[in-house]
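Chemist: Dumping the structure here so I can ask a few things about it.
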Amino acid sequence: MSKTAVITGITGQDGSHLADLLLEKGYTVIGLTRRTSTEPPSRMRKHLWDKVIQFSGDVTDSYSVESLLKQYQPDEFYNLAAQSHVGTSWKQPEETTKVDYLGVLNILKGIQLISPHTKFYQASTSEMFGKVKDEYQSETSRFYPRSPYAVAKLAAYWLTVNYRESYDIFACSGILFNHEGPRRGRDFVTRKITDHVAKYKLGLTKDPLQLGNLNSMRDWGYAPEFVEAMWRILQQDTPQDFVIGTGESHSVRDFVEAAYKAIDVDVEWSGENETEKGARSDNGEIIVEVNKDFFRPAEVELLRADASKAKEVLGWEPTVTFSRLVEIMVENDIEELS
Ligand code: NAP
Ligand code: G4F
């Protein structure tokens, strides 16, 4: 008999890639979708529409989570639902806490009471490391969250540990570093850049790209490879937490340079100081401007993964390099816009 898996956040980047992977493996996939996710134009990827069972609900509504668990008693439950935008979490801290923390409590309570055999995956994040101490962050690094988003995610991480230890539930966190690709939301910095560069290439914009902090460093990987790690985490004999990332870190400035390089444009940085630096193309046009509106009240300066446990225990290793990732995203945006 095929295994059954629930995915919350199935209309998001990771949810859609995970659904593709599990369907390929023969799973029956149930996606929790909100009414607003299914109103036209749908946020659900069209190719998934007929292949997954849609269950209408919301992780902040315990009745809908419990009904889902009662009806399907799934083998696996992947909780990817979140208010996932860090910048937005200062503007909507309550909403962020409800979805990213209370939503997780609803699911764990439901599993404990209704479906204790269900294996649970929590989408934890490298943002929990925040103001980092270690050069590379591993499962044992100190947490120091720097946003309402990261605080809610850290509480949810500890709740997952707590339910595992208190009720013997197979509950795990994947602590994933940034991962990107063609399905990334356009308000995250990578897709914002590649979307703009594609428009520039196609002559659809002459405006400079407006960005915030160019100095922050992120460990950017390729999303389809990261959902494979989620699945492997739930196939282990014992429930454990894993850091998932590439081990390489680049600045936002590096990402901008690589994206313009993908369309054969050299970037020359200018400006009085590091924070105000914008950029010109090799033909003198201003192509990037630093805009204070995109700075955050507190910043995570550097993230870089030590994913050696994942390599050793899960046999998981990323293969897509930083420059290839940027090319994939720019090529995709050019194709989508053409
Ligand atoms: P995303 O594209 O922003 O998707 C978020 C998903 O959550 C959407 O499907 C959204 O559905 C759903 N959602 C939001 N509020 C909900 C609610 N109250 N009830 C049910 N569903 C709700 O995020 P992503 O990049 O795929 O990330 C997936 C998960 O991994 C998130 O938990 C994120 O915090 C975490 N994470 C991501 C990264 C990364 O680099 N991508 C790294 C570490 C951790 P609607 O369509 O209805 O809005
Ligand atoms: O692309 P970002 O918004 O991603 P961020 O904040 O790293 O969060 C993402 O990764 C986390 C994992 O570490 C996830 F948990 C989270 O859900 C999300 O997927 O910003 C990356 C960096 C930041 O330092 C930000 O300040 O880019 C900087 N940045 C500079 N200009 C900008 C912009 N970010 C955005 N979104 N927009 C800008 O214009």
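Convention: chains lettered A, B, ... in structure tokens order; per-chain residue numbering from 1; ligands numbered from 1 as shown.
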Would you mind listing, for every residue of chain A within 6 Å of ligand 1, the two atoms forming the shortest contact and the distance between them in Å to one decimal, using only C-alpha atoms and all ligand atoms, sorted by chain and ascending residue number, as a Markdown table?

Modeler:
| residue | atom | partner | partner_atom_place_in_ligand_line | distance |
| --- | --- | --- | --- | --- |
| A:Thr8 | CA | ligand 1 | 21 (N) | 5.7 |
| A:Gly9 | CA | ligand 1 | 9 (O) | 3.2 |
| A:Ile10 | CA | ligand 1 | 9 (O) | 4.8 |
| A:Thr11 | CA | ligand 1 | 9 (O) | 3.7 |
| A:Gly12 | CA | ligand 1 | 4 (O) | 3.4 |
| A:Gln13 | CA | ligand 1 | 26 (O) | 3.7 |
| A:Asp14 | CA | ligand 1 | 26 (O) | 3.7 |
| A:Gly15 | CA | ligand 1 | 26 (O) | 5.6 |
| A:Thr33 | CA | ligand 1 | 47 (O) | 5.9 |
| A:Arg34 | CA | ligand 1 | 47 (O) | 4.9 |
| A:Thr36 | CA | ligand 1 | 47 (O) | 5.8 |
| A:Ser37 | CA | ligand 1 | 47 (O) | 4.0 |
| A:Arg43 | CA | ligand 1 | 46 (O) | 5.3 |
| A:Asp58 | CA | ligand 1 | 19 (N) | 3.6 |
| A:Val59 | CA | ligand 1 | 19 (N) | 4.1 |
| A:Thr60 | CA | ligand 1 | 18 (N) | 5.3 |
| A:Leu80 | CA | ligand 1 | 29 (C) | 4.0 |
| A:Ala81 | CA | ligand 1 | 7 (O) | 3.3 |
| A:Ala82 | CA | ligand 1 | 32 (O) | 4.3 |
| A:Gln83 | CA | ligand 1 | 14 (C) | 5.2 |
| A:Ser84 | CA | ligand 1 | 34 (O) | 4.1 |
| A:Val99 | CA | ligand 1 | 18 (N) | 5.0 |
| A:Ala123 | CA | ligand 1 | 30 (O) | 4.6 |
| A:Ser124 | CA | ligand 1 | 44 (C) | 5.2 |
| A:Thr125 | CA | ligand 1 | 43 (C) | 3.9 |
| A:Leu176 | CA | ligand 1 | 43 (C) | 4.3 |
| A:Phe177 | CA | ligand 1 | 42 (C) | 5.0 |
| A:Asn178 | CA | ligand 1 | 40 (O) | 3.3 |
| A:His179 | CA | ligand 1 | 40 (O) | 4.1 |
| A:Gly185 | CA | ligand 1 | 2 (O) | 5.9 |

Chemist: Could I get the residues of chain A with an atom no further than 9 Å from an atom of ligand 2, each paired with its nearest atom pair and that distance in Å to one decimal, using only C-alpha atoms and all ligand atoms, sorted by chain and residue number, as a tab-separated table?

Modeler:
residue	atom	partner	partner_atom_place_in_ligand_line	distance
A:Ala82	CA	ligand 2	17 (O)	7.8
A:Gln83	CA	ligand 2	17 (O)	7.6
A:Ser84	CA	ligand 2	17 (O)	3.9
A:His85	CA	ligand 2	17 (O)	5.3
A:Val86	CA	ligand 2	6 (O)	4.9
A:Gly87	CA	ligand 2	3 (O)	6.6
A:Ala123	CA	ligand 2	15 (F)	8.4
A:Ser124	CA	ligand 2	15 (F)	7.1
A:Thr125	CA	ligand 2	15 (F)	4.5
A:Ser126	CA	ligand 2	13 (O)	4.4
A:Glu127	CA	ligand 2	13 (O)	4.5
A:Met128	CA	ligand 2	13 (O)	8.0
A:Phe129	CA	ligand 2	13 (O)	8.8
A:Gly130	CA	ligand 2	13 (O)	8.7
A:Tyr149	CA	ligand 2	17 (O)	8.0
A:Ala150	CA	ligand 2	15 (F)	7.5
A:Lys153	CA	ligand 2	15 (F)	8.4
A:Ile175	CA	ligand 2	12 (C)	8.5
A:Leu176	CA	ligand 2	12 (C)	6.4
A:Phe177	CA	ligand 2	13 (O)	4.7
A:Asn178	CA	ligand 2	12 (C)	4.2
A:His179	CA	ligand 2	19 (O)	7.2
A:Glu180	CA	ligand 2	19 (O)	8.2
A:Arg184	CA	ligand 2	19 (O)	8.7
A:Gly185	CA	ligand 2	19 (O)	8.9
A:Arg186	CA	ligand 2	36 (N)	8.4
A:Asp187	CA	ligand 2	36 (N)	5.3
A:Phe188	CA	ligand 2	1 (O)	3.7
A:Val189	CA	ligand 2	1 (O)	3.8
A:Thr190	CA	ligand 2	1 (O)	5.8
A:Arg191	CA	ligand 2	1 (O)	7.9
A:Lys192	CA	ligand 2	37 (N)	7.0
A:Ile193	CA	ligand 2	39 (O)	8.3
A:Leu209	CA	ligand 2	39 (O)	8.5
A:Gln210	CA	ligand 2	39 (O)	6.3
A:Leu211	CA	ligand 2	39 (O)	4.0
A:Gly212	CA	ligand 2	31 (N)	3.4
A:Asn213	CA	ligand 2	30 (C)	4.2
A:Leu214	CA	ligand 2	30 (C)	5.4
A:Asn215	CA	ligand 2	24 (O)	7.6
A:Ser216	CA	ligand 2	24 (O)	4.7
A:Met217	CA	ligand 2	24 (O)	6.9
A:Arg218	CA	ligand 2	7 (O)	6.6
A:Asp219	CA	ligand 2	13 (O)	7.9
A:Trp220	CA	ligand 2	13 (O)	8.7
A:Ser251	CA	ligand 2	27 (O)	8.3
A:Val252	CA	ligand 2	27 (O)	5.9
A:Arg253	CA	ligand 2	30 (C)	8.9
A:Val290	CA	ligand 2	31 (N)	8.1
A:Asn291	CA	ligand 2	39 (O)	8.0
A:Asp293	CA	ligand 2	39 (O)	8.3
A:Phe294	CA	ligand 2	39 (O)	5.1
A:Phe295	CA	ligand 2	26 (O)	5.8
A:Arg296	CA	ligand 2	26 (O)	6.0
A:Ala298	CA	ligand 2	26 (O)	8.7
A:Glu299	CA	ligand 2	24 (O)	6.1
A:Val300	CA	ligand 2	24 (O)	6.0
A:Glu301	CA	ligand 2	24 (O)	6.6
A:Leu302	CA	ligand 2	24 (O)	8.2
A:Leu303	CA	ligand 2	13 (O)	7.3

Chemist: Run DSSP on the backbone of this structure and report the residues of stretch 185-279 of chain A it assigns to alpha helix (DSSP H), as a PyMOL selection string.

Modeler: chain A and resi 189-201+223-234+252-261

Chemist: Please provide the set of residues having any atom within 12 Å of A:Gln71, restricted to only C-alpha atoms, with same-chain residues fewer than 4 positions apart removed, written as a ChimeraX atom specification.

Modeler: /A:4,6,30,55,64-67,114-115

Chemist: For A:Ala262, which residue among A:Val197, A:Pro182, A:Thr97, A:Glu248 is the nearest when counting only C-alpha atoms?

Modeler: A:Val197

Chemist: Considering only strand (DSSP E or B) as DSSP defines it on the backbone, what residues of stretch 97-247 of chain A qualify? List them as an NGL selection string.

Modeler: :A and (119-125 or 137 or 171-176 or 179-180 or 209-211 or 217-218 or 221-222 or 242-244)

Chemist: I'd like to know which of A:Arg146, A:Lys91, A:His117, A:Lys201 is closest to A:Lys261, using only C-alpha atoms.

Modeler: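 The closest residue to A:Lys261 is A:Lys201.
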
Chemist: I'd like to know which of A:Ala229, A:Val256, A:Val326, A:Leu68 is closest to A:Ile287, using only C-alpha atoms.

Modeler: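 Checking each candidate against A:Ile287, we get A:Val256 as the closest.
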
Chemist: Any idea what the distance is between atom CA of A:Tyr222 and atom CA of A:Asp134?

Modeler: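 Computing the Euclidean distance for atom CA of A:Tyr222 and atom CA of A:Asp134 yields 23.5 Å.
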
Chemist: Residues within 10 Å of A:Phe77, please, as a PyMOL selection string. Count only C-alpha atoms; anything in the same chain fewer than 2 positions from it doesn't count.

Modeler: chain A and resi 4-8+29-30+69+73-75+79-80+107+111+118-122+171+234

Chemist: Please produce an output containing N, CA and C atoms for each residue in the selection, written as a tab-separated table (two decimals), in the first residue's frame.

Modeler:
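Dumped to result_25.tsv:
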chain	number	residue	atom	x	y	z
A	4	THR	N	1.12	7.55	2.93
A	4	THR	CA	0.35	8.79	2.87
A	4	THR	C	1.12	9.91	3.56
A	5	ALA	N	1.22	11.06	2.91
A	5	ALA	CA	1.93	12.19	3.52
A	5	ALA	C	1.10	13.45	3.42
A	6	VAL	N	1.08	14.19	4.51
A	6	VAL	CA	0.46	15.52	4.49
A	6	VAL	C	1.57	16.55	4.30
A	7	ILE	N	1.31	17.54	3.44
A	7	ILE	CA	2.24	18.68	3.31
A	7	ILE	C	1.44	19.95	3.59
A	8	THR	N	1.85	20.70	4.63
A	8	THR	CA	1.31	22.05	4.77
A	8	THR	C	2.28	22.98	4.05
A	29	VAL	N	-0.47	12.10	-1.62
A	29	VAL	CA	-0.11	13.38	-1.01
A	29	VAL	C	-1.37	14.21	-0.73
A	30	ILE	N	-1.47	14.64	0.51
A	30	ILE	CA	-2.58	15.51	0.90
A	30	ILE	C	-2.00	16.88	1.21
A	69	LEU	N	-6.07	15.15	10.55
A	69	LEU	CA	-5.39	13.99	11.15
A	69	LEU	C	-6.35	12.83	11.35
A	73	GLN	N	-4.94	10.01	9.10
A	73	GLN	CA	-3.96	9.29	9.92
A	73	GLN	C	-2.67	9.05	9.10
A	74	PRO	N	-2.03	10.12	8.61
A	74	PRO	CA	-0.94	9.95	7.64
A	74	PRO	C	0.30	9.27	8.22
A	75	ASP	N	1.09	8.65	7.34
A	75	ASP	CA	2.38	8.09	7.77
A	75	ASP	C	3.35	9.22	8.09
A	79	ASN	N	5.49	19.81	7.95
A	79	ASN	CA	4.94	21.14	8.23
A	79	ASN	C	5.83	22.24	7.63
A	80	LEU	N	5.45	22.68	6.43
A	80	LEU	CA	6.20	23.72	5.74
A	80	LEU	C	5.45	25.05	5.76
A	107	ILE	N	-0.41	21.18	15.44
A	107	ILE	CA	-0.11	19.92	14.74
A	107	ILE	C	0.43	18.89	15.73
A	111	ILE	N	-1.18	15.32	16.63
A	111	ILE	CA	-0.49	14.03	16.44
A	111	ILE	C	-0.50	13.26	17.75
A	118	THR	N	2.21	8.99	13.42
A	118	THR	CA	2.60	9.87	12.32
A	118	THR	C	3.99	10.46	12.57
A	119	LYS	N	4.87	10.35	11.56
A	119	LYS	CA	6.20	10.97	11.66
A	119	LYS	C	6.08	12.44	11.27
A	120	PHE	N	6.69	13.31	12.06
A	120	PHE	CA	6.50	14.74	11.88
A	120	PHE	C	7.81	15.44	11.50
A	121	TYR	N	7.75	16.25	10.43
A	121	TYR	CA	8.90	17.06	10.01
A	121	TYR	C	8.58	18.53	10.23
A	122	GLN	N	9.44	19.24	10.95
A	122	GLN	CA	9.25	20.68	11.16
A	122	GLN	C	10.30	21.46	10.36
A	171	ALA	N	9.37	13.06	15.91
A	171	ALA	CA	9.30	14.47	15.49
A	171	ALA	C	10.71	15.00	15.28
A	234	LEU	N	12.97	11.83	7.63
A	234	LEU	CA	11.87	11.00	8.17
A	234	LEU	C	12.04	9.51	7.87

Chemist: So which one's closest to A:Leu105, A:Gln92, A:Thr160, A:Ser56, A:Gln137? Using only C-alpha atoms, please.

Modeler: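 Smallest separation from A:Leu105 among the options: A:Thr160.
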
Chemist: Quick one: of A:Glu76, A:Tyr260, A:Arg280, A:Lys292, who's nearest to A:Pro116, counting only C-alpha atoms?

Modeler: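 Nearest candidate to A:Pro116 out of A:Glu76, A:Tyr260, A:Arg280, A:Lys292: A:Glu76.
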
Chemist: If we count only C-alpha atoms and set the cut-off at 10 Å, which residues sit around A:Asp20, ignoring sequence neighbours fewer than 3 positions away in its own chain? Please answer as number ranges by chain.

Modeler: A: 14-17, 23-25, 27, 29, 47-48, 51-52, 224, 227
